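Q: The structure's right below; bear with me while I get my questions together.
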2 protein chains.
Amino acid sequence: MVGKAISVNKALDKAVALKHPEKIHEAMRYSLLAGGKRVRPILCIAACELVGGDESAAMAAACSVEMIHTMSLIHDDLPCMDNDDLRRGKPTNHKVFGEDVAVLAGDSLLSFAFEHLATATPLGQVSPGQVVRAVGELARVIGAEGLVAGQVVDIDSEGAADVGLEQLEFIHIHKTGAIVGGGTDEEVEKLRKFAIGIGLLFQVVDDILDVTKSSEELGKTAGKDLVADKVTFPKLMGIEKSREYAERLVKAAKDQLVGFDQEKAKPLIALVDYIAYRQN
Amino acid sequence: MVGKAISVNKALDKAVALKHPEKIHEAMRYSLLAGGKRVRPILCIAACELVGGDESAAMAAACSVEMIHTMSLIHDDLPCMDNDDLRRGKPTNHKVFGEDVAVLAGDSLLSFAFEHLATATPLGQVSPGQVVRAVGELARVIGAEGLVAGQVVDIDSEGAADVGLEQLEFIHIHKTGAIVGGGTDEEVEKLRKFAIGIGLLFQVVDDILDVTKSSEELGKTAGKDLVADKVTFPKLMGIEKSREYAERLVKAAKDQLVGFDQEKAKPLIALVDYIAYRQN
């Protein structure tokens, strides 16, 4: 997993070079290269390898997914949204570059994600038709029925008394963006369920860490969810039940991988364990 | 031109339907269907027809271009950017829906533009390879080397004493987003120059109207550029010289259309005249 994260970091660094106008590229690079966990790109590459593709075929898509994730973090941290000062152990984008540049840096990471997917995917290995489908799927999971839908329902649910598990799952399934396409093919369907499962797992673990760790340990503001009056899994079911729920999600995710080449499934199993047992 | 604008409005209304979560779709539709001039989609369709294509082949791309334009207006109007209260004669998006929803509405229009381009372009008339190229080109003209580049240099130049015509042209060529791809084909090159020219023309006329018309006549806050200490063409060269400059841009744009089928060029000539001689 570490090897893959290093490849992703190199590819991201190369994809978003520092050019004119420097300020906006600097702002984009600041958040993109701030040392995230790279869970989404690693998932993207490992899923491609699982079904017989090469890392090189998936790298552009993997970088695009991370650019979009970074955009969502920059915009979520804005004063008008979560108003957060700390992210990945560093001041948030708008704290360093100002709100106006932070909005624009997010916008340009979002559009560059599609540019990169369309222009850097090796057309020898991936057909134009597959690229078009990937663009459509990626856009769908971001938009008003995906990531943004999750965020909007999240905003609406702040301070609300009647948020249940179903709505909380809706929020996080959409916010984490289940990136694998919804085809009818059995393998794609399993990978889709796998991705949704570990997305949810990621959030449950995040919520638990938010109430059990310090800001220093997390590299972001701890206890934030409580202050913001957000509905979280620990609030809804308590910490112990949340841990049990996480364990069930771990098992369910691994179950989706039965039937695949077990050697090739190893990186995905490692990814599940990493997400479940991480300390920040 | 009116006929094309009606078709575009119908297609936009259909593309962004009101669905769950309603608030975000409502916010997207509020700004998208607020009766803009539809200059960009009309240009997109007319350019396609000029080189022998059908309206139906270009409609998805035309709508995508307008979604992106709308996104840029919503984000530009935010308090942390131009802080504008009025747009197309109505309160701006964040005034109605709040800043958080306005940021998200912009993000989701941006991603939906790519989804729509990838999924609604008729693949019988347009090849997957052409769609991939269109996605790449469209993303390029938005990002940190396009629209966003113009916006960033614009923000930096506010209040600066040494902004010249060259920098002002850089800002507006990038902000208006010259949408036609930079291929080597002679026709594409002419259309690219045409689009850049009328983009610049649009801005020169906008700057003139800003100092000569009332807010009511414009449907947006007049005199705003003066207050914001923005560099404009009238400030740089005076109103009379700006009008002469606009006339030269009109002539240069029409010159690019010589050599095309003159019957098919008529909608583009009408578009130039509309942009040049509009009163708001």
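By convention here, the chains of the structure tokens are called A, B, ... in the order presented, each chain's residues are numbered starting at 1, and ligands are numbered starting at 1 in the order presented.
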Within segment 26-85 of chain B, find each residue whose DSSP state, derived from the backbone, is alpha helix (DSSP H), and express the selection as a PyMOL selection string.

A: chain B and resi 26-32+39-50+55-76

Q: Could you dump the residues just selected with N, CA and C atoms as a tab-separated table (two decimals), in the first residue's frame?

A:
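Wrote it out as result.tsv, contents follow:
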chain	number	residue	atom	x	y	z
B	26	GLU	N	-32.90	22.94	-6.67
B	26	GLU	CA	-33.59	24.23	-6.76
B	26	GLU	C	-32.57	25.36	-6.95
B	27	ALA	N	-31.49	25.32	-6.18
B	27	ALA	CA	-30.45	26.35	-6.28
B	27	ALA	C	-29.77	26.32	-7.65
B	28	MET	N	-29.51	25.12	-8.16
B	28	MET	CA	-28.90	24.99	-9.49
B	28	MET	C	-29.83	25.58	-10.55
B	29	ARG	N	-31.10	25.20	-10.49
B	29	ARG	CA	-32.08	25.65	-11.47
B	29	ARG	C	-32.33	27.16	-11.37
B	30	TYR	N	-32.31	27.68	-10.15
B	30	TYR	CA	-32.56	29.11	-9.94
B	30	TYR	C	-31.63	29.96	-10.80
B	31	SER	N	-30.34	29.64	-10.77
B	31	SER	CA	-29.39	30.45	-11.52
B	31	SER	C	-29.30	30.03	-12.99
B	32	LEU	N	-29.45	28.73	-13.24
B	32	LEU	CA	-29.31	28.24	-14.61
B	32	LEU	C	-30.46	28.70	-15.50
B	39	VAL	N	-25.46	33.26	-24.91
B	39	VAL	CA	-24.50	33.54	-25.98
B	39	VAL	C	-23.60	32.34	-26.22
B	40	ARG	N	-23.11	31.74	-25.15
B	40	ARG	CA	-22.16	30.63	-25.30
B	40	ARG	C	-22.78	29.40	-25.95
B	41	PRO	N	-23.93	28.93	-25.45
B	41	PRO	CA	-24.52	27.76	-26.13
B	41	PRO	C	-24.91	28.06	-27.59
B	42	ILE	N	-25.40	29.26	-27.85
B	42	ILE	CA	-25.77	29.59	-29.24
B	42	ILE	C	-24.52	29.57	-30.12
B	43	LEU	N	-23.43	30.12	-29.60
B	43	LEU	CA	-22.16	30.08	-30.33
B	43	LEU	C	-21.74	28.64	-30.60
B	44	CYS	N	-21.88	27.80	-29.60
B	44	CYS	CA	-21.49	26.39	-29.72
B	44	CYS	C	-22.30	25.69	-30.82
B	45	ILE	N	-23.62	25.90	-30.81
B	45	ILE	CA	-24.50	25.26	-31.80
B	45	ILE	C	-24.25	25.84	-33.20
B	46	ALA	N	-24.15	27.18	-33.29
B	46	ALA	CA	-23.95	27.81	-34.59
B	46	ALA	C	-22.61	27.41	-35.21
B	47	ALA	N	-21.58	27.27	-34.36
B	47	ALA	CA	-20.27	26.85	-34.87
B	47	ALA	C	-20.33	25.42	-35.38
B	48	CYS	N	-21.07	24.57	-34.68
B	48	CYS	CA	-21.25	23.18	-35.12
B	48	CYS	C	-21.96	23.13	-36.46
B	49	GLU	N	-23.03	23.94	-36.58
B	49	GLU	CA	-23.79	23.98	-37.84
B	49	GLU	C	-22.95	24.55	-38.98
B	50	LEU	N	-22.11	25.52	-38.66
B	50	LEU	CA	-21.27	26.15	-39.68
B	50	LEU	C	-20.37	25.12	-40.37
B	55	GLU	N	-27.84	20.67	-34.90
B	55	GLU	CA	-28.07	21.20	-33.56
B	55	GLU	C	-28.06	20.07	-32.52
B	56	SER	N	-28.66	18.94	-32.88
B	56	SER	CA	-28.78	17.85	-31.91
B	56	SER	C	-27.41	17.28	-31.50
B	57	ALA	N	-26.43	17.39	-32.39
B	57	ALA	CA	-25.09	16.89	-32.06
B	57	ALA	C	-24.40	17.78	-31.04
B	58	ALA	N	-24.74	19.08	-31.07
B	58	ALA	CA	-24.04	20.05	-30.22
B	58	ALA	C	-24.81	20.43	-28.97
B	59	MET	N	-26.09	20.03	-28.86
B	59	MET	CA	-26.92	20.54	-27.77
B	59	MET	C	-26.38	20.19	-26.37
B	60	ALA	N	-25.91	18.94	-26.19
B	60	ALA	CA	-25.41	18.56	-24.88
B	60	ALA	C	-24.19	19.41	-24.51
B	61	ALA	N	-23.29	19.59	-25.46
B	61	ALA	CA	-22.10	20.43	-25.22
B	61	ALA	C	-22.52	21.87	-24.95
B	62	ALA	N	-23.51	22.36	-25.71
B	62	ALA	CA	-23.99	23.73	-25.54
B	62	ALA	C	-24.54	23.93	-24.13
B	63	CYS	N	-25.32	22.97	-23.65
B	63	CYS	CA	-25.87	23.07	-22.28
B	63	CYS	C	-24.75	23.00	-21.25
B	64	SER	N	-23.76	22.14	-21.49
B	64	SER	CA	-22.63	22.01	-20.56
B	64	SER	C	-21.90	23.33	-20.41
B	65	VAL	N	-21.67	24.00	-21.55
B	65	VAL	CA	-20.98	25.28	-21.54
B	65	VAL	C	-21.77	26.30	-20.70
B	66	GLU	N	-23.09	26.31	-20.84
B	66	GLU	CA	-23.91	27.25	-20.07
B	66	GLU	C	-23.91	26.91	-18.58
B	67	MET	N	-23.91	25.61	-18.26
B	67	MET	CA	-23.83	25.21	-16.84
B	67	MET	C	-22.54	25.71	-16.21
B	68	ILE	N	-21.45	25.60	-16.96
B	68	ILE	CA	-20.16	26.05	-16.44
B	68	ILE	C	-20.14	27.57	-16.30
B	69	HIS	N	-20.70	28.25	-17.28
B	69	HIS	CA	-20.80	29.70	-17.19
B	69	HIS	C	-21.60	30.11	-15.95
B	70	THR	N	-22.73	29.43	-15.72
B	70	THR	CA	-23.57	29.73	-14.56
B	70	THR	C	-22.82	29.48	-13.25
B	71	MET	N	-22.12	28.35	-13.20
B	71	MET	CA	-21.29	28.05	-12.02
B	71	MET	C	-20.33	29.20	-11.75
B	72	SER	N	-19.68	29.71	-12.80
B	72	SER	CA	-18.68	30.76	-12.59
B	72	SER	C	-19.35	32.04	-12.08
B	73	LEU	N	-20.58	32.31	-12.53
B	73	LEU	CA	-21.31	33.48	-12.03
B	73	LEU	C	-21.66	33.31	-10.55
B	74	ILE	N	-22.17	32.13	-10.18
B	74	ILE	CA	-22.55	31.88	-8.78
B	74	ILE	C	-21.34	32.07	-7.86
B	75	HIS	N	-20.22	31.47	-8.23
B	75	HIS	CA	-19.03	31.58	-7.38
B	75	HIS	C	-18.44	33.00	-7.40
B	76	ASP	N	-18.47	33.67	-8.57
B	76	ASP	CA	-17.95	35.05	-8.65
B	76	ASP	C	-18.76	36.01	-7.77

Q: Using only C-alpha atoms and a distance of at most 7 Å, pull out the residues of chain B that contact chain A, as a PyMOL selection string.

A: chain B and resi 21+24-25+80-81+99-100+104+108+111-112+114-115+118-119+128-129+131-132+135-136+139-140+142-144+148-149

Q: Enter the distance from atom CA of Asp255 of chain B to atom CA of Lys241 of chain B, in Å, rounded to one decimal.

A: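 For atom CA of Asp255 of chain B relative to atom CA of Lys241 of chain B, the distance reads 21.0 Å.
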
Q: For Met1 of chain A, list every protein, DNA or RNA residue within 12 Å, evaluated using only C-alpha atoms, and leave out those in the same chain fewer than 3 positions away; present the list as JSON, numbers by chain.

A: {"A": [4, 5, 6, 7, 8, 37, 38, 39, 40, 41, 42, 43, 45, 46, 266, 267, 268, 269, 270, 271, 272, 273, 274, 275]}

Q: Using only C-alpha atoms, which residues sit within 12 Å of Lys251 of chain B once same-chain residues fewer than 3 positions away are excluded, as a ChimeraX atom specification?

A: /B:194,197-198,201,244-248,254-258,269,272-273,276

Q: Take atom CA of Glu263 of chain B and atom CA of Leu200 of chain B and report the distance between them in Å, one decimal.

A: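 The value is 25.0 Å.
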
Q: Calculate how many Å separate atom CA of Gly36 of chain B from atom CA of Gly219 of chain B, rounding to one decimal.

A: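 According to the coordinates, atom CA of Gly36 of chain B and atom CA of Gly219 of chain B are separated by 10.5 Å.
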